[in-house]
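Everything on this sheet refers to the single structure shown next.
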Amino acid sequence: MKHTLKTILSVILISSTLIGYSQEEGGLSELNNSISAAMGKGEFPIELMLSYDSLATAGEDASQIAQGKYFLAEAYRNKRLYNLARENYDAATAGFQSSDNNAAYAQASLGSAELYKEQGLNAESIGAYQQAIEAYKKENNINGQLDVLYSLAKLQATQGQASQAITNLGKATQLATATNDTSAIVRDLAYQSEIGSIAGNYGPAIRSAKSYLRNFRTNHTPKLTAITQLGNAISLGKTGKTFQARPAFAEALSGFNRLGDRHRVAETYKYMSEMERAVLNYRNASRYRAKWDNYQDSLLAIKHQADIDQVSGEFVEKTRAKDAEYDRMSTELEGIKSSKSTVRNILIGALGLTLLTLGGFIFFLLNDKRKKSSTIKGLNATKEGLEKERKTLTNEIKSRVSNNVDILSQVMAILDKSNAKSTDPKKKIRREYAVRILRQNIAQWKDLEGIGMVDYFKKLEKELYEQHRDKEHLISFSSQVQNMKLDADTVVPLGIICNEAIHNALQHAFRHGEKGNINLSLKEENNKLMLAIVDNGLGVPDASLPIDSGGTGYTLIRRMAGILDAEITVRNDKGTNIQVAINNYKKMD
């Protein structure tokens, strides 16, 4: 009887294993198709990729494990979780290389190169690009080699490695010519124009641009046309052909704006400013430099938000992993309970089993239960540790935001000092009130929540009353603020804009002894944050004058509007009506 029972249990175990393996293979294939379809649409579903990685690891197939790590790396990079992306790219490249899967190895190396470039690790990025090129060579993949050679040459040109960039561009030209593929030749001409101009190879860059614009511009992509015009404009400007360079710059700028490529728009303004400065046209140089600064401020704000999202995202991923482990252990515990019930029924049915066998089963179950109970206690301790880590993360984010507020205070002080119109020392003090209110809100910031706008503007209004006691009985304030929470990177520039606009109204909108009202409203409308500051005072002779004036206050307003990607309109409407439409903001609730 004892041997018969062991045989039956062995058969059941083997059968279950085979069924599970079959389900696992089918599950991997189905997940692979779902993930590939999603990535083709620009989507990176982490949950599906984690499931694939889990099944592949259980199956112990090196190629499938590498594929799972690559999927995870792409998803983490898309969500700017760079440390997690780095770990999975390393595992993927090692797995693909060991299994001689050169196509996948090239793809993973290219992902690593782009990740390094996003992090500013240019030497590491160049090394990863070279790995991808070698892998594509083994596959005889010409298009893959061309794409990577262009990316590598562009990076080397921008890092001062002109000779290496020109060498790699020459290799790309040879490959494109050898294929007799018009598409490859057109692409090569466009990139020769841009990369050659950056590397200082101006003559060939101009010839490539002329060839492209003469033969291919009407039946190729807007992106390649804009890139060609930018390279052509840079080379023309560097060789002293300013009048020819200006329309080329204008066409490149128009193309990048239509494509929504903010990085290349900023880059174009930079080169335009450098060219105008070289020909001593300081007015145009200053104007283009200001536009470049605005785009740089906006891109810097986006990067700063991405850094905060990265820290928060990594914490969420760690928490998710611990919760998954806790759920797995809980499921195992439930399985143990179910096993106890099954074994009890078997023991009742198998009357022929001896008391010794029964005692062995009971001892095994009790000992296993004791181990699982100890594991659950350990998981509870782990959750407590995660709560402490969450508090530490909150304090770290608060400290980073506070540092940004300090930097803003220093910038305002520098602007006040450099602006000859800032003659009233009280203005310098008043500009610190909005910053002080921000500090109060940051000190009360709990967990990872944002700053409440209703409470913030109540405090701002109170401070304004305190600083204008002589007008308190004459000038009234009213506000309609939507109940919402915004992140501190939005509130800092928003508060400065409000502070400057309201102080300006208090100083200039009303005659001495005249009654009046200042109304402030903030609401979310059509995916924009709409801010309005309206008074019923004297109005302004020219509605564009306040925003274009050279005072420190309006300089600050323009700078803050650039950070928020905001559009400002000013008009007379029985007083002054300032409307600010904000595109770049983040709600926290």
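Convention: chains lettered A, B, ... in structure tokens order; per-chain residue numbering from 1; ligands numbered from 1 as shown.
Summary of the local environment: counting only C-alpha atoms, residues at most 9 Å from Lys587 of chain A, other than itself and those fewer than 2 positions away along its chain, are Gly450, Met484, Lys485, Leu486, Asp487, Thr490, Tyr585 and Asp589 of chain A.
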Review point. Do you know which residues are at most 12 Å from Lys523 of chain A counting only C-alpha atoms, after dropping those on the same chain fewer than 6 positions away, and could you put them as a ChimeraX atom specification?
Key: /A:453-454,479-486,529-532,579-582,587
**Study point:** Residue with smallest distance to Ala104 of chain A - pool A:Tyr136, A:Tyr82, A:Tyr191, A:Tyr129, counting only C-alpha atoms
**Key:** A:Tyr136
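Remark: for Gly516 of chain A, the closest of the candidate residues A:Lys574, A:Ala561, A:Thr179, A:Gly553 is A:Lys574 (distances computed over only C-alpha atoms).
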